[in-house]
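Comments concern the structure below.
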Amino acid sequence: MRVDVMTFPRPLGEMGAVARDIAAAGFDGVLFTEGGRTAYLSAAVTATSAPELEISTGVAVAFPRSPMVTAQVAWELQEATSGRFRLGLGTQVKTHVVRRYSSAFEHPGPRMRDYILAVKASMAAFAGAPLDHHGPFYELSFLTPQWSPGPIAFAAPPVDVAAVNPWMLHMAGEVADGVHIHPIGEPGYLRRTALPAIAAGAAAAGRDPADVSLIVPVMCVVGDTDEERARDREHMRSMIAFYGSTPNYAFIFDDAGFEGTTSRLREKQKAGDMAGMAAQITDEHMAVFTTESTWDGFADALRERYAGLATRLVFYNAIQQRDSSPERFRRYGEVARQLSAG
């Protein structure tokens with residue numbers, strides 16, 4: 001397994017030092033999620049500051065950007081990283097896409113399918129193929145040499161997609177190169193829902209399911225003392241409560257044996273009771289949705305849970321330690337080295 005650290009983009013003047021610290025700690029790569037700052041600019045700074053790192057967007061928001069623009073940026077990053085870039089795309093939610101970005105959102109699943117194919121058609125055109133994409137949402141048919149970035153010395157970057165529900169997972173199996181699993185995508189969900197849906201989509205398209213990478217965030221609870229693990233545990237409890245309040249994710253909790261979790265979380269959320277939300281996440285939830293261990297046993301614990309399931313693991317809460325506890329951050333990196341070497 002390859003191991004990445006997840007982070008939000010920072011001011012560009014800070015990203016070089018962050019990238020070098022991530023590489024020095026021992027991670028294979030860095031995955032940029034997108035919030036108030038774009039993922040792509042931080043990826044570019046990282047590519048020049050720590051060229052040994054594998055770089056992913058995990059995920060960049062798709063619909064507000066033309067597929068051609070996204071393909072051009074990904075193409076340049078693939079060249080800048082000497083072939084170590086992965087383009088991860090997501091739909092975001094309707095409110096953000098419509099009210100924050102002023103972009104179209106209707107039929108997000110089929111729109112994303114068409115978007116991925118349009119991005120791939122654009123990159124094929126950069127390498128010399130005719131641009132001839134005619135989908136239900138995107139039409140791309142004009143690209144002269146003057147406006148093409150032209151061929152590069154590396155294959156086109158993989159195009160991954162964030163997917164949670166079975167339809168999106170099936171679609172990803174058909175057309176994507178990898179799937180970004182949600183942070184609450186515990187191993188049981190991977191076996192019950194994600195892998196079968198991806199395999200069915202791949203089979204429908206005549207593809208090998210093994211060609212679709214599974215990129216899996218891990219909520220970590222790790223430490224050699226009860227106090228150290230308790231800090232992680234309560235932070236992760238709050239994060240699971242936050243994610244669990246989303247109605248679209250209710251089935252993950254229900255299928256894992258925690259029926260009604262989302263409805264209870266939403267009741268507390270509507271009342272403004274954040275502490276009450278966290279209290280709904282029991283120790284039984286924590287055992288399913290997090291990986292808890294001492295430092296010496298952490299690599300083995302992760303292998304036991306994710307071997308044969310994940311292509312890449314993403315340490316969800318490791319980057320927070322870089323500033324607050326550099327020694328803990330380095331220990332996360334050592335675990336990453338052990339997993340990658342194994």
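Residue numbers start at 1 in each chain; chains themselves are named A, B, ... in the order of the structure tokens; ligands are numbered from 1 in the order shown.
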
Discussion item. Need to verify the contact set: region 240-250 of chain A, 6 Å, only C-alpha atoms, exclusion of same-chain residues closer than 6 positions in sequence. Can you return it as a PyMOL selection string?
Written reply: chain A and resi 262+265-266+277-278

Item to complete: Please provide as a list in words all residues within 12 Å of Gly13 (chain A), with the sequence filter that same-chain residues fewer than 4 positions apart are discarded (counting only C-alpha atoms).
Response: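 The filter keeps Pro9, Ala17, Val18, Ala19, Leu41, Ser42, Val45, Thr46 and Ser49 of chain A.
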
Practice prompt. Mind the document's chain letters and residue numbers, and return as an MDAnalysis selection string the residues of region 90-264 of chain A that DSSP labels alpha helix (DSSP H).
Written response: chainID A and resid 94:95 108:126 166:175 187:189 195:204 226:244 250:255 261:264

Worksheet item: What is the CA of Cys220 (chain A)-CA of Ile181 (chain A) distance in Å, reported with one decimal?
Response: 15.5 Å

As a compact mmCIF listing (two decimals) with N, CA and C atoms, in the first residue's frame, list the residues of region 132-277 of chain A assigned to strand (DSSP E or B) by DSSP on the backbone atoms of this structure.
```
# COMPACT_ATOMS: atom_id res chain seq x y z
N HIS A 133 -15.57 14.84 -28.35
CA HIS A 133 -16.41 14.38 -27.25
C HIS A 133 -17.79 15.00 -27.38
N HIS A 134 -18.82 14.16 -27.43
CA HIS A 134 -20.20 14.63 -27.54
C HIS A 134 -21.03 13.89 -26.49
N GLU A 139 -19.77 19.21 -24.68
CA GLU A 139 -19.40 19.04 -26.09
C GLU A 139 -18.03 19.67 -26.30
N LEU A 140 -17.07 18.88 -26.72
CA LEU A 140 -15.71 19.36 -26.96
C LEU A 140 -15.28 18.87 -28.34
N VAL A 159 -7.52 9.57 -13.52
CA VAL A 159 -8.65 10.42 -13.14
C VAL A 159 -9.50 9.64 -12.15
N ASP A 160 -9.54 10.11 -10.91
CA ASP A 160 -10.27 9.45 -9.83
C ASP A 160 -11.51 10.26 -9.48
N VAL A 161 -12.46 9.60 -8.83
CA VAL A 161 -13.70 10.29 -8.49
C VAL A 161 -14.12 9.93 -7.07
N ALA A 162 -14.65 10.90 -6.35
CA ALA A 162 -15.22 10.64 -5.03
C ALA A 162 -16.60 10.00 -5.20
N GLY A 178 -9.76 5.49 -10.40
CA GLY A 178 -9.70 5.26 -8.97
C GLY A 178 -10.90 5.86 -8.29
N VAL A 179 -11.13 5.46 -7.04
CA VAL A 179 -12.25 5.95 -6.26
C VAL A 179 -11.73 6.50 -4.94
N HIS A 180 -12.11 7.74 -4.63
CA HIS A 180 -11.85 8.31 -3.32
C HIS A 180 -12.98 7.91 -2.40
N SER A 213 -8.21 1.94 -8.70
CA SER A 213 -7.57 2.08 -7.39
C SER A 213 -8.58 2.48 -6.33
N LEU A 214 -8.38 2.00 -5.12
CA LEU A 214 -9.21 2.38 -3.98
C LEU A 214 -8.37 3.24 -3.04
N ILE A 215 -8.75 4.50 -2.90
CA ILE A 215 -8.00 5.49 -2.12
C ILE A 215 -8.81 5.73 -0.85
N VAL A 216 -8.27 5.29 0.29
CA VAL A 216 -9.07 5.16 1.51
C VAL A 216 -8.49 6.00 2.64
N PRO A 217 -9.22 7.02 3.10
CA PRO A 217 -8.78 7.76 4.30
C PRO A 217 -8.94 6.91 5.55
N VAL A 218 -8.01 7.08 6.47
CA VAL A 218 -8.04 6.34 7.74
C VAL A 218 -8.15 7.34 8.88
N CYS A 220 -7.40 7.92 12.43
CA CYS A 220 -6.39 7.30 13.28
C CYS A 220 -6.58 7.67 14.75
N VAL A 221 -6.49 6.66 15.61
CA VAL A 221 -6.42 6.86 17.06
C VAL A 221 -5.18 6.09 17.51
N VAL A 222 -4.10 6.81 17.76
CA VAL A 222 -2.83 6.13 17.99
C VAL A 222 -2.07 6.83 19.11
```

Discussion item. So that I can check the surroundings of Ala25 (chain A), please list as a list in words every protein, DNA and RNA residue that reaches within 9 Å of it, counting only C-alpha atoms and ignoring chain neighbours fewer than 5 positions away.
Written reply: Arg20, Phe329, Arg330, Arg331, Tyr332, Gly333, Glu334, Ala336 and Arg337 of chain A

Preceding selection exported with N, CA and C atoms as an mmCIF file, in the first residue's frame:
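Resulting contents of result.cif:
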```cif
data_model
loop_
_atom_site.group_PDB
_atom_site.id
_atom_site.type_symbol
_atom_site.label_atom_id
_atom_site.label_comp_id
_atom_site.auth_asym_id
_atom_site.auth_seq_id
_atom_site.Cartn_x
_atom_site.Cartn_y
_atom_site.Cartn_z
ATOM 1 N N ARG A 20 8.159 19.706 1.944
ATOM 2 C CA ARG A 20 9.449 19.097 2.292
ATOM 3 C C ARG A 20 9.353 18.304 3.592
ATOM 4 N N PHE A 329 4.088 13.638 14.227
ATOM 5 C CA PHE A 329 4.026 13.676 12.766
ATOM 6 C C PHE A 329 5.101 12.763 12.165
ATOM 7 N N ARG A 330 6.303 12.810 12.713
ATOM 8 C CA ARG A 330 7.367 11.940 12.210
ATOM 9 C C ARG A 330 7.047 10.466 12.443
ATOM 10 N N ARG A 331 6.364 10.174 13.551
ATOM 11 C CA ARG A 331 6.000 8.780 13.816
ATOM 12 C C ARG A 331 4.946 8.297 12.818
ATOM 13 N N TYR A 332 4.018 9.169 12.442
ATOM 14 C CA TYR A 332 3.082 8.815 11.368
ATOM 15 C C TYR A 332 3.855 8.493 10.091
ATOM 16 N N GLY A 333 4.857 9.311 9.795
ATOM 17 C CA GLY A 333 5.649 9.067 8.595
ATOM 18 C C GLY A 333 6.383 7.749 8.646
ATOM 19 N N GLU A 334 6.872 7.363 9.817
ATOM 20 C CA GLU A 334 7.554 6.071 9.943
ATOM 21 C C GLU A 334 6.584 4.927 9.698
ATOM 22 N N ALA A 336 4.033 5.113 7.761
ATOM 23 C CA ALA A 336 3.850 5.126 6.304
ATOM 24 C C ALA A 336 4.977 4.383 5.603
ATOM 25 N N ARG A 337 6.205 4.594 6.052
ATOM 26 C CA ARG A 337 7.339 3.872 5.473
ATOM 27 C C ARG A 337 7.177 2.361 5.625
#
```

For the interface of region 96-167 of chain A with region 192-198 of chain A (cut-off 12 Å, counting only C-alpha atoms), please tabulate each contacting residue of region 96-167 of chain A alongside its nearest pair of atoms and their separation in Å to one decimal, rows sorted by chain and increasing number, as JSON lines.
```
{"residue": "A:Val161", "atom": "CA", "partner": "A:Ile198", "partner_atom": "CA", "distance": 11.7}
{"residue": "A:Ala162", "atom": "CA", "partner": "A:Ala194", "partner_atom": "CA", "distance": 11.5}
{"residue": "A:Ala163", "atom": "CA", "partner": "A:Ala194", "partner_atom": "CA", "distance": 8.7}
{"residue": "A:Val164", "atom": "CA", "partner": "A:Ala194", "partner_atom": "CA", "distance": 7.7}
{"residue": "A:Asn165", "atom": "CA", "partner": "A:Thr193", "partner_atom": "CA", "distance": 8.1}
{"residue": "A:Pro166", "atom": "CA", "partner": "A:Ala197", "partner_atom": "CA", "distance": 5.8}
{"residue": "A:Trp167", "atom": "CA", "partner": "A:Ala197", "partner_atom": "CA", "distance": 7.6}
```

Discussion item. Report, in Å with one decimal, the straight-line distance from CA of Glu292 (chain A) to CA of Asp226 (chain A).
Written reply: 11.2 Å

Worksheet item: Which residues come within 12 Å of Asp300 (chain A), counting only C-alpha atoms, excluding same-chain residues fewer than 5 positions away, as a count of residues only?
Response: 13
